[in-house]
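**Q** Take this structure first; my questions come after.
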Number of protein chains: 2
Amino acid sequence: MIGIDVGGANLKVVDEKGVVLHYCPLWLHAPLKDLLLGHREASGGEAAVVMSGELADCFSRKMEGISFIVDQVRSVFPDALFYGNDGVFHDQAHPSLAAANWLASADLLRTRYPGGLLVDMGSTTTDIVPLSGFDRLRGLTDLDRLQKGYLIYTGLLRTPVAAMVNRVLLKNISTPVSTEFFAQSADAHLVLGHISSDDYTCDTPDRKGRDVLSACRRLARVVCSDLEEIGMDGAYEVAQSFWEEQKNRIRQGVIAAGGDLENGEKNPLVYAGTGSRLLLRQWGGIDLAGVLGDFADALPAYAVREVALRDRIF
Amino acid sequence: MIGIDVGGANLKVVDEKGVVLHYCPLWLHAPLKDLLLGHREASGGEAAVVMSGELADCFSRKMEGISFIVDQVRSVFPDALFYGNDGVFHDQAHPSLAAANWLASADLLRTRYPGGLLVDMGSTTTDIVPLSGFDRLRGLTDLDRLQKGYLIYTGLLRTPVAAMVNRVLLKNISTPVSTEFFAQSADAHLVLGHISSDDYTCDTPDRKGRDVLSACRRLARVVCSDLEEIGMDGAYEVAQSFWEEQKNRIRQGVIAAGGDLENGEKNPLVYAGTGSRLLLRQWGGIDLAGVLGDFADALPAYAVREVALRDRIF
């Protein structure tokens, strides 16, 4: 059996051996079906699926996206089953399939870390999920989760810098930013040494390099400058301003969801996603990477497979 | 003689008869030269040029962009002259040519409205320019202008909603937004009735329609929702939250630049750009559209031509 997570930008496939990540931007008509074909052998015909890619704006509404994704997956895996935000597997397109990936993670972890707070920071978003009270999580939409602070729309790679900060500090001068899509979180985290060029798995805003110098040029442009105008130090300051605000947003979400940043022994923060190491360093807690290895970077894909095995749905 | 303003997204050409606007996104390798060829006859061989497109991220640095634009223009108009942020015309690529379009406007208007404050709201940015003390304006870079509040990076059409607001009010519930490029200012202003579909001259974020319904779908997606989830009222609320913040940013810039929103008779606010009507309704002042007609929507292109005529540079 394989677990599949069809996001808007990334496709993640998990089998018992490990994780495969495909950059697969649906709004650019990435070849979802072709990418899935490569996993047919490993699946043994069994695929448990979650999704969040239905929000991509190539679809007029979520149900159109759900139907598209279900059709693509079933054309490769005819018996695939899809986990819904009702906590149940479905064999066809249904509104409950929208953005239930985080719930699969909770469904797996709720017995392992009762009372914990899952913080899963991916490339694009950060899911914050209280692992107690699973019934209260069922049925939550993305809108509900935004309003509760459970969905913080910021991630390690794909967040536009200008969507996180209105101003940055340059030599202690508060400096408003350009609102163009000049740089993104991957640029900031690369420059800050939080990720490597190999971790930079999405497109760059200017289609130029994934190296530090190219990232610095992008960060300089955020304040309408050449790198020569503000220097590497200036680019670093833009990155640092971004990260301070990003951290702040995630912290606010953790607190809104009842997380205790000071004394988390009773109700630990449980980190997953490619941003887990970064957050662990800030606030401490449990890094699922230490428990699950690489699976922690694709937690929903791993979790939907585990839940499917647990519930013997095939 | 013609006046040319080469922006990153728009090319504007002015002759004595009127204005032609071309959507010309340089970062998508729009055919600048071909578009200019259509204006050869009207030019009589004389072209006065300003630019801001050198910041587009297809160029590694501004000088590369300046050289590209100068080359393209001169291949069509060999005798073209380029206005710099030193207030002087140049016949070849030079660092001072970066983003001097707003200064050409000031150079024209400083004698007509001494003591006034120019507020030129275009598709992408809003330039705020004190018309007294022209010498103090010379040499200002975009970075300087950001820090002084003279360059507010928000406009009538192209500002991503998520770059302006972190949260919107939905039925009085403060709701964080997605940071994807799902909707832009043109969607908000279309839904609010501030612009028509014909005024929506740039690409849509999802490459779908420029009608109100399509814009509402885009605005709904900003809160991770189908239009059916939040309704047209919800989409309107997203648009309204955006506009409140956009207005607020411009107001802060006007105040930072010494503008008087309460009592502007002595030092009037002088509006230009496609957003001028909208701002006039807010704060009162002088709408250049009433004086210059359509030329006011392409003020730098108009101004550089007028300054060239005034200074008899050809």
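The chains in the structure tokens are called A, B, ... from first to last as shown; in each chain the residues are counted from 1, and the ligands are counted from 1 in the order shown.
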Residues at most 7 Å from stretch 48-62 of chain A, counting only C-alpha atoms, excluding those fewer than 2 positions away in the same chain, as a PDB file with N, CA and C atoms, in the first residue's frame?

**A**
ATOM      1  N   ILE A   2       0.391   2.275  -0.704  1.00  0.00           N
ATOM      2  CA  ILE A   2       1.076   3.565  -0.631  1.00  0.00           C
ATOM      3  C   ILE A   2       0.127   4.620  -0.068  1.00  0.00           C
ATOM      4  N   GLY A   3       0.717   5.655   0.515  1.00  0.00           N
ATOM      5  CA  GLY A   3      -0.026   6.829   0.947  1.00  0.00           C
ATOM      6  C   GLY A   3       0.307   7.985   0.024  1.00  0.00           C
ATOM      7  N   ILE A   4      -0.699   8.737  -0.356  1.00  0.00           N
ATOM      8  CA  ILE A   4      -0.506   9.831  -1.312  1.00  0.00           C
ATOM      9  C   ILE A   4      -1.099  11.117  -0.729  1.00  0.00           C
ATOM     10  N   ASP A   5      -0.342  12.203  -0.830  1.00  0.00           N
ATOM     11  CA  ASP A   5      -0.848  13.522  -0.435  1.00  0.00           C
ATOM     12  C   ASP A   5      -0.732  14.434  -1.648  1.00  0.00           C
ATOM     13  N   VAL A   6      -1.865  14.800  -2.208  1.00  0.00           N
ATOM     14  CA  VAL A   6      -1.877  15.666  -3.387  1.00  0.00           C
ATOM     15  C   VAL A   6      -2.099  17.109  -2.929  1.00  0.00           C
ATOM     16  N   GLY A   7      -1.013  17.855  -2.777  1.00  0.00           N
ATOM     17  CA  GLY A   7      -1.132  19.272  -2.438  1.00  0.00           C
ATOM     18  C   GLY A   7      -1.261  20.114  -3.693  1.00  0.00           C
ATOM     19  N   GLY A   8      -1.364  21.430  -3.520  1.00  0.00           N
ATOM     20  CA  GLY A   8      -1.430  22.297  -4.687  1.00  0.00           C
ATOM     21  C   GLY A   8      -0.096  22.379  -5.409  1.00  0.00           C
ATOM     22  N   LEU A  26      -0.181  22.228  -9.476  1.00  0.00           N
ATOM     23  CA  LEU A  26      -1.389  21.903 -10.246  1.00  0.00           C
ATOM     24  C   LEU A  26      -1.846  23.081 -11.101  1.00  0.00           C
ATOM     25  N   TRP A  27      -1.667  24.320 -10.579  1.00  0.00           N
ATOM     26  CA  TRP A  27      -2.146  25.484 -11.335  1.00  0.00           C
ATOM     27  C   TRP A  27      -1.322  25.714 -12.599  1.00  0.00           C
ATOM     28  N   GLU A  46      -2.925  -0.757  -3.974  1.00  0.00           N
ATOM     29  CA  GLU A  46      -3.624  -0.120  -2.850  1.00  0.00           C
ATOM     30  C   GLU A  46      -3.062   1.280  -2.593  1.00  0.00           C
ATOM     31  N   GLU A  64     -14.666  20.919  -8.127  1.00  0.00           N
ATOM     32  CA  GLU A  64     -14.039  20.670  -9.428  1.00  0.00           C
ATOM     33  C   GLU A  64     -12.630  20.109  -9.231  1.00  0.00           C
ATOM     34  N   GLY A  65     -11.901  20.670  -8.267  1.00  0.00           N
ATOM     35  CA  GLY A  65     -10.556  20.186  -7.976  1.00  0.00           C
ATOM     36  C   GLY A  65     -10.575  18.786  -7.390  1.00  0.00           C
ATOM     37  N   ILE A  66     -11.517  18.540  -6.498  1.00  0.00           N
ATOM     38  CA  ILE A  66     -11.631  17.206  -5.897  1.00  0.00           C
ATOM     39  C   ILE A  66     -11.900  16.164  -6.986  1.00  0.00           C
ATOM     40  N   ALA A  80      -8.300   3.173  -5.293  1.00  0.00           N
ATOM     41  CA  ALA A  80      -7.829   4.144  -4.296  1.00  0.00           C
ATOM     42  C   ALA A  80      -8.971   4.578  -3.392  1.00  0.00           C
ATOM     43  N   LEU A  81      -8.619   4.866  -2.141  1.00  0.00           N
ATOM     44  CA  LEU A  81      -9.598   5.363  -1.181  1.00  0.00           C
ATOM     45  C   LEU A  81      -9.097   6.699  -0.622  1.00  0.00           C
ATOM     46  N   PHE A  82     -10.043   7.585  -0.379  1.00  0.00           N
ATOM     47  CA  PHE A  82      -9.727   8.981  -0.089  1.00  0.00           C
ATOM     48  C   PHE A  82     -10.248   9.356   1.289  1.00  0.00           C
ATOM     49  N   TYR A  83      -9.354   9.867   2.104  1.00  0.00           N
ATOM     50  CA  TYR A  83      -9.702  10.223   3.482  1.00  0.00           C
ATOM     51  C   TYR A  83     -10.378  11.592   3.497  1.00  0.00           C
ATOM     52  N   LEU A  97     -13.646  15.656   1.041  1.00  0.00           N
ATOM     53  CA  LEU A  97     -12.239  15.362   0.728  1.00  0.00           C
ATOM     54  C   LEU A  97     -11.366  16.620   0.693  1.00  0.00           C
ATOM     55  N   ALA A  98     -12.002  17.795   0.691  1.00  0.00           N
ATOM     56  CA  ALA A  98     -11.218  19.039   0.642  1.00  0.00           C
ATOM     57  C   ALA A  98     -10.363  19.169   1.892  1.00  0.00           C
ATOM     58  N   ALA A  99      -9.063  19.298   1.687  1.00  0.00           N
ATOM     59  CA  ALA A  99      -8.137  19.641   2.780  1.00  0.00           C
ATOM     60  C   ALA A  99      -8.388  18.832   4.042  1.00  0.00           C
ATOM     61  N   ALA A 100      -8.287  17.512   3.911  1.00  0.00           N
ATOM     62  CA  ALA A 100      -8.393  16.658   5.099  1.00  0.00           C
ATOM     63  C   ALA A 100      -7.039  16.052   5.454  1.00  0.00           C
ATOM     64  N   ASN A 101      -5.990  16.512   4.830  1.00  0.00           N
ATOM     65  CA  ASN A 101      -4.668  15.909   5.058  1.00  0.00           C
ATOM     66  C   ASN A 101      -4.210  16.055   6.507  1.00  0.00           C
ATOM     67  N   ALA A 301       0.815  12.075   4.179  1.00  0.00           N
ATOM     68  CA  ALA A 301       0.901  10.919   3.281  1.00  0.00           C
ATOM     69  C   ALA A 301       1.241   9.657   4.072  1.00  0.00           C
ATOM     70  N   VAL A 304      -1.970   8.821   6.355  1.00  0.00           N
ATOM     71  CA  VAL A 304      -3.157   8.230   5.714  1.00  0.00           C
ATOM     72  C   VAL A 304      -2.901   6.757   5.398  1.00  0.00           C
ATOM     73  N   ARG A 305      -1.648   6.439   5.105  1.00  0.00           N
ATOM     74  CA  ARG A 305      -1.297   5.034   4.881  1.00  0.00           C
ATOM     75  C   ARG A 305      -1.402   4.249   6.191  1.00  0.00           C
ATOM     76  N   ALA A 308      -4.981   3.794   7.162  1.00  0.00           N
ATOM     77  CA  ALA A 308      -5.603   2.788   6.288  1.00  0.00           C
ATOM     78  C   ALA A 308      -5.209   1.381   6.723  1.00  0.00           C
TER      79      ALA A 308
ATOM     80  N   ASP B 206      -5.618  34.020 -11.883  1.00  0.00           N
ATOM     81  CA  ASP B 206      -5.932  32.632 -12.259  1.00  0.00           C
ATOM     82  C   ASP B 206      -6.149  32.486 -13.761  1.00  0.00           C
ATOM     83  N   CYS B 224      -9.331  30.856   1.527  1.00  0.00           N
ATOM     84  CA  CYS B 224      -9.349  29.396   1.300  1.00  0.00           C
ATOM     85  C   CYS B 224     -10.763  28.867   1.117  1.00  0.00           C
ATOM     86  N   ASP B 226     -14.510  28.473  -1.308  1.00  0.00           N
ATOM     87  CA  ASP B 226     -15.326  28.629  -2.493  1.00  0.00           C
ATOM     88  C   ASP B 226     -16.223  29.855  -2.321  1.00  0.00           C
TER      89      ASP B 226
END

**Q** Which residues are close to B:Met1, i.e. within 7 Å by only C-alpha atoms, leaving aside same-chain residues fewer than 4 positions away? Reply as a list in words.

**A**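 My reading of the contact set: Asp15, Ser43, Gly44, Glu46 and Ala47 of chain B.
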
**Q** Save out the residues we just selected, N, CA and C atoms, as an mmCIF file, in the first residue's frame.

**A**
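File result.cif, as written:
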data_model
loop_
_atom_site.group_PDB
_atom_site.id
_atom_site.type_symbol
_atom_site.label_atom_id
_atom_site.label_comp_id
_atom_site.auth_asym_id
_atom_site.auth_seq_id
_atom_site.Cartn_x
_atom_site.Cartn_y
_atom_site.Cartn_z
ATOM 1 N N ASP B 15 1.521 61.072 -27.318
ATOM 2 C CA ASP B 15 1.857 62.094 -28.310
ATOM 3 C C ASP B 15 0.916 63.267 -28.083
ATOM 4 N N SER B 43 6.115 59.698 -33.854
ATOM 5 C CA SER B 43 7.220 60.306 -33.096
ATOM 6 C C SER B 43 7.937 61.405 -33.867
ATOM 7 N N GLY B 44 7.876 61.326 -35.189
ATOM 8 C CA GLY B 44 8.717 62.241 -35.958
ATOM 9 C C GLY B 44 10.186 62.046 -35.637
ATOM 10 N N GLU B 46 11.458 61.724 -32.736
ATOM 11 C CA GLU B 46 11.832 62.283 -31.431
ATOM 12 C C GLU B 46 11.093 61.572 -30.311
ATOM 13 N N ALA B 47 11.860 60.997 -29.389
ATOM 14 C CA ALA B 47 11.260 60.281 -28.269
ATOM 15 C C ALA B 47 11.959 60.675 -26.979
#

**Q** Excluding same-chain residues fewer than 6 positions from B:Tyr271, what lies within 6 Å of it counting only C-alpha atoms, as a short mmCIF file (atom, residue, chain, number, x, y, z; two decimals) with N, CA, C and O atoms, in the first residue's frame?

**A**
data_model
loop_
_atom_site.label_atom_id
_atom_site.label_comp_id
_atom_site.auth_asym_id
_atom_site.auth_seq_id
_atom_site.Cartn_x
_atom_site.Cartn_y
_atom_site.Cartn_z
N LEU B 118 1.97 65.83 -5.11
CA LEU B 118 1.48 64.96 -6.16
C LEU B 118 1.24 63.55 -5.60
O LEU B 118 2.10 63.00 -4.90
N VAL B 119 0.07 63.01 -5.88
CA VAL B 119 -0.25 61.63 -5.49
C VAL B 119 -0.68 60.91 -6.77
O VAL B 119 -1.77 61.13 -7.27
N ASP B 120 0.22 60.11 -7.32
CA ASP B 120 0.00 59.46 -8.61
C ASP B 120 -0.18 57.96 -8.38
O ASP B 120 0.79 57.23 -8.18
N ASP B 287 -7.80 67.07 -9.15
CA ASP B 287 -7.63 65.90 -10.01
C ASP B 287 -7.06 66.35 -11.34
O ASP B 287 -7.71 67.09 -12.09
N LEU B 288 -5.86 65.92 -11.64
CA LEU B 288 -5.23 66.33 -12.90
C LEU B 288 -6.03 65.87 -14.11
O LEU B 288 -5.88 66.44 -15.19
#

**Q** Here is a test: counting only C-alpha atoms, which residue of A:Glu245, A:Glu306, A:Asp187, A:Asp198 is nearest to A:Arg217?

**A**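 Between A:Glu245, A:Glu306, A:Asp187, A:Asp198, the residue approaching A:Arg217 most closely is A:Asp187.
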
**Q** With DSSP run on the backbone, what are the helix (DSSP H, G or I) residues within stretch 33-267 of chain B? I'd like them as JSON, numbers by chain.

**A** {"B": [33, 34, 35, 36, 37, 40, 41, 42, 43, 53, 54, 55, 62, 63, 64, 65, 66, 67, 68, 69, 70, 71, 72, 73, 74, 75, 76, 95, 96, 97, 101, 102, 103, 104, 105, 106, 107, 108, 109, 134, 135, 136, 137, 142, 143, 144, 145, 146, 147, 148, 161, 162, 163, 164, 185, 186, 187, 188, 189, 190, 191, 197, 198, 199, 212, 213, 214, 215, 216, 217, 218, 219, 220, 221, 227, 228, 229, 230, 231, 232, 233, 234, 235, 236, 237, 238, 239, 240, 241, 242, 243, 244, 245, 246, 247, 248, 249, 250, 251, 252, 253, 254, 255, 256]}

**Q** What residues in chain A lie within 9 Å of chain B, counting only C-alpha atoms, written as number ranges by chain?

**A** A: 27, 55-62, 124-125, 141-143, 146-149, 151-154, 158-166, 173-182, 205-208, 214, 217-218, 221, 223-229

**Q** So that I can check the secondary structure, give me every residue of stretch 119-200 of chain A assigned strand (DSSP E or B) by backbone DSSP, as a ChimeraX atom specification.

**A** /A:119-121,126-130,151-152,160,167-170,173-176,184

**Q** Write out as a ChimeraX atom specification the residues lying within 9 Å of A:Val73, counting only C-alpha atoms and excluding same-chain residues fewer than 2 positions away.

**A** /A:32-33,36,47,49,68-71,75-78,80

**Q** Which residues are near B:Glu262? Cut-off 12 Å, only C-alpha atoms, ignore same chain within fewer than 5 positions. Put them as a VMD selection string.

**A** chain B and resid 251 254 to 255 267 to 269 282 to 285

**Q** Pull N, CA and C atoms from the residues just selected and write them as an mmCIF file, in the first residue's frame.

**A**
data_model
loop_
_atom_site.group_PDB
_atom_site.id
_atom_site.type_symbol
_atom_site.label_atom_id
_atom_site.label_comp_id
_atom_site.auth_asym_id
_atom_site.auth_seq_id
_atom_site.Cartn_x
_atom_site.Cartn_y
_atom_site.Cartn_z
ATOM 1 N N ARG B 251 -2.615 56.893 2.778
ATOM 2 C CA ARG B 251 -2.784 58.021 3.699
ATOM 3 C C ARG B 251 -1.522 58.231 4.544
ATOM 4 N N VAL B 254 1.043 59.899 2.448
ATOM 5 C CA VAL B 254 0.723 61.314 2.229
ATOM 6 C C VAL B 254 1.110 62.133 3.460
ATOM 7 N N ILE B 255 0.795 61.607 4.621
ATOM 8 C CA ILE B 255 1.114 62.330 5.862
ATOM 9 C C ILE B 255 2.635 62.391 6.052
ATOM 10 N N ASN B 267 -1.662 73.886 0.407
ATOM 11 C CA ASN B 267 -0.751 72.910 -0.194
ATOM 12 C C ASN B 267 -1.574 71.739 -0.707
ATOM 13 N N PRO B 268 -2.190 71.930 -1.854
ATOM 14 C CA PRO B 268 -3.196 70.954 -2.291
ATOM 15 C C PRO B 268 -2.595 69.597 -2.640
ATOM 16 N N LEU B 269 -3.407 68.560 -2.427
ATOM 17 C CA LEU B 269 -3.085 67.250 -2.975
ATOM 18 C C LEU B 269 -3.464 67.289 -4.442
ATOM 19 N N GLN B 282 -11.850 60.523 -1.482
ATOM 20 C CA GLN B 282 -11.509 60.349 -0.067
ATOM 21 C C GLN B 282 -11.100 61.658 0.587
ATOM 22 N N TRP B 283 -10.207 62.361 -0.054
ATOM 23 C CA TRP B 283 -9.525 63.445 0.653
ATOM 24 C C TRP B 283 -9.658 64.806 -0.034
ATOM 25 N N GLY B 284 -10.248 64.850 -1.220
ATOM 26 C CA GLY B 284 -10.366 66.125 -1.925
ATOM 27 C C GLY B 284 -9.031 66.613 -2.452
ATOM 28 N N GLY B 285 -9.070 67.653 -3.255
ATOM 29 C CA GLY B 285 -7.845 68.200 -3.838
ATOM 30 C C GLY B 285 -8.072 68.482 -5.310
#

**Q** Using atom CA of B:Asp311 and atom CA of B:Gly122 as the two end points, give the distance in Å to one decimal.

**A**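 Taking atom CA of B:Asp311 as the start and atom CA of B:Gly122 as the end point, the length is 26.5 Å.
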
**Q** What is the atom CA of A:Lys171-atom CA of B:Ser96 distance in Å, reported with one decimal?

**A**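 Computing it gives 23.7 Å between the two atoms.
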
**Q** I'd like the interatomic distance between atom CA of A:Ala9 and atom CA of A:Cys24, to a tenth of an Å.

**A**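 So the two atoms, atom CA of A:Ala9 and atom CA of A:Cys24, lie 5.1 Å apart.
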
**Q** Using only C-alpha atoms, determine which residues lie at most 10 Å from A:Gly115, disregarding the query and same-chain residues fewer than 5 positions distant; provide the list as number ranges by chain.

**A** A: 110, 130-133, 259, 266-269

**Q** How would the residues just chosen look if you wrote them out with N, CA, C and O atoms as a compact mmCIF listing (two decimals), in the first residue's frame?

**A**
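Heads up, here's the output in part23.txt:
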# COMPACT_ATOMS: atom_id res chain seq x y z
N ARG A 110 -3.24 10.95 17.50
CA ARG A 110 -4.05 11.26 18.69
C ARG A 110 -3.87 10.24 19.80
O ARG A 110 -3.97 10.58 20.98
N PRO A 130 -4.57 20.42 17.58
CA PRO A 130 -4.66 19.84 18.93
C PRO A 130 -5.00 18.35 18.82
O PRO A 130 -5.96 17.99 18.13
N LEU A 131 -4.21 17.53 19.47
CA LEU A 131 -4.38 16.08 19.30
C LEU A 131 -5.37 15.49 20.31
O LEU A 131 -5.66 14.29 20.27
N SER A 132 -5.88 16.31 21.20
CA SER A 132 -6.97 15.87 22.08
C SER A 132 -8.28 16.30 21.42
O SER A 132 -8.33 17.27 20.69
N GLY A 133 -9.33 15.53 21.68
CA GLY A 133 -10.63 15.94 21.17
C GLY A 133 -10.75 15.80 19.67
O GLY A 133 -11.09 16.77 18.97
N GLY A 259 -1.46 25.93 22.77
CA GLY A 259 -0.11 25.42 23.01
C GLY A 259 0.59 26.21 24.10
O GLY A 259 0.33 27.40 24.28
N LYS A 266 3.68 18.65 29.83
CA LYS A 266 2.40 17.92 29.90
C LYS A 266 1.77 17.79 28.52
O LYS A 266 1.29 16.73 28.14
N ASN A 267 1.74 18.91 27.81
CA ASN A 267 1.08 18.95 26.51
C ASN A 267 2.10 19.35 25.47
O ASN A 267 2.16 20.50 25.05
N PRO A 268 2.92 18.41 25.05
CA PRO A 268 4.08 18.77 24.24
C PRO A 268 3.71 19.28 22.86
O PRO A 268 2.68 18.92 22.29
N LEU A 269 4.56 20.16 22.34
CA LEU A 269 4.50 20.51 20.93
C LEU A 269 5.17 19.37 20.16
O LEU A 269 6.27 18.93 20.50

**Q** Taking into account only C-alpha atoms, which residue in the set B:Asp294, B:Asp91, B:Asp34, B:Asp79 is nearest to B:His22?

**A**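 Using only C-alpha atoms, the shortest distance to B:His22 belongs to B:Asp34.
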
**Q** Nearest to A:Ala235: which of A:Val270, A:Ile195, A:Arg249, A:Leu190 is it, counting only C-alpha atoms?

**A**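 Comparing A:Val270, A:Ile195, A:Arg249, A:Leu190 against A:Ala235, the winner is A:Leu190.
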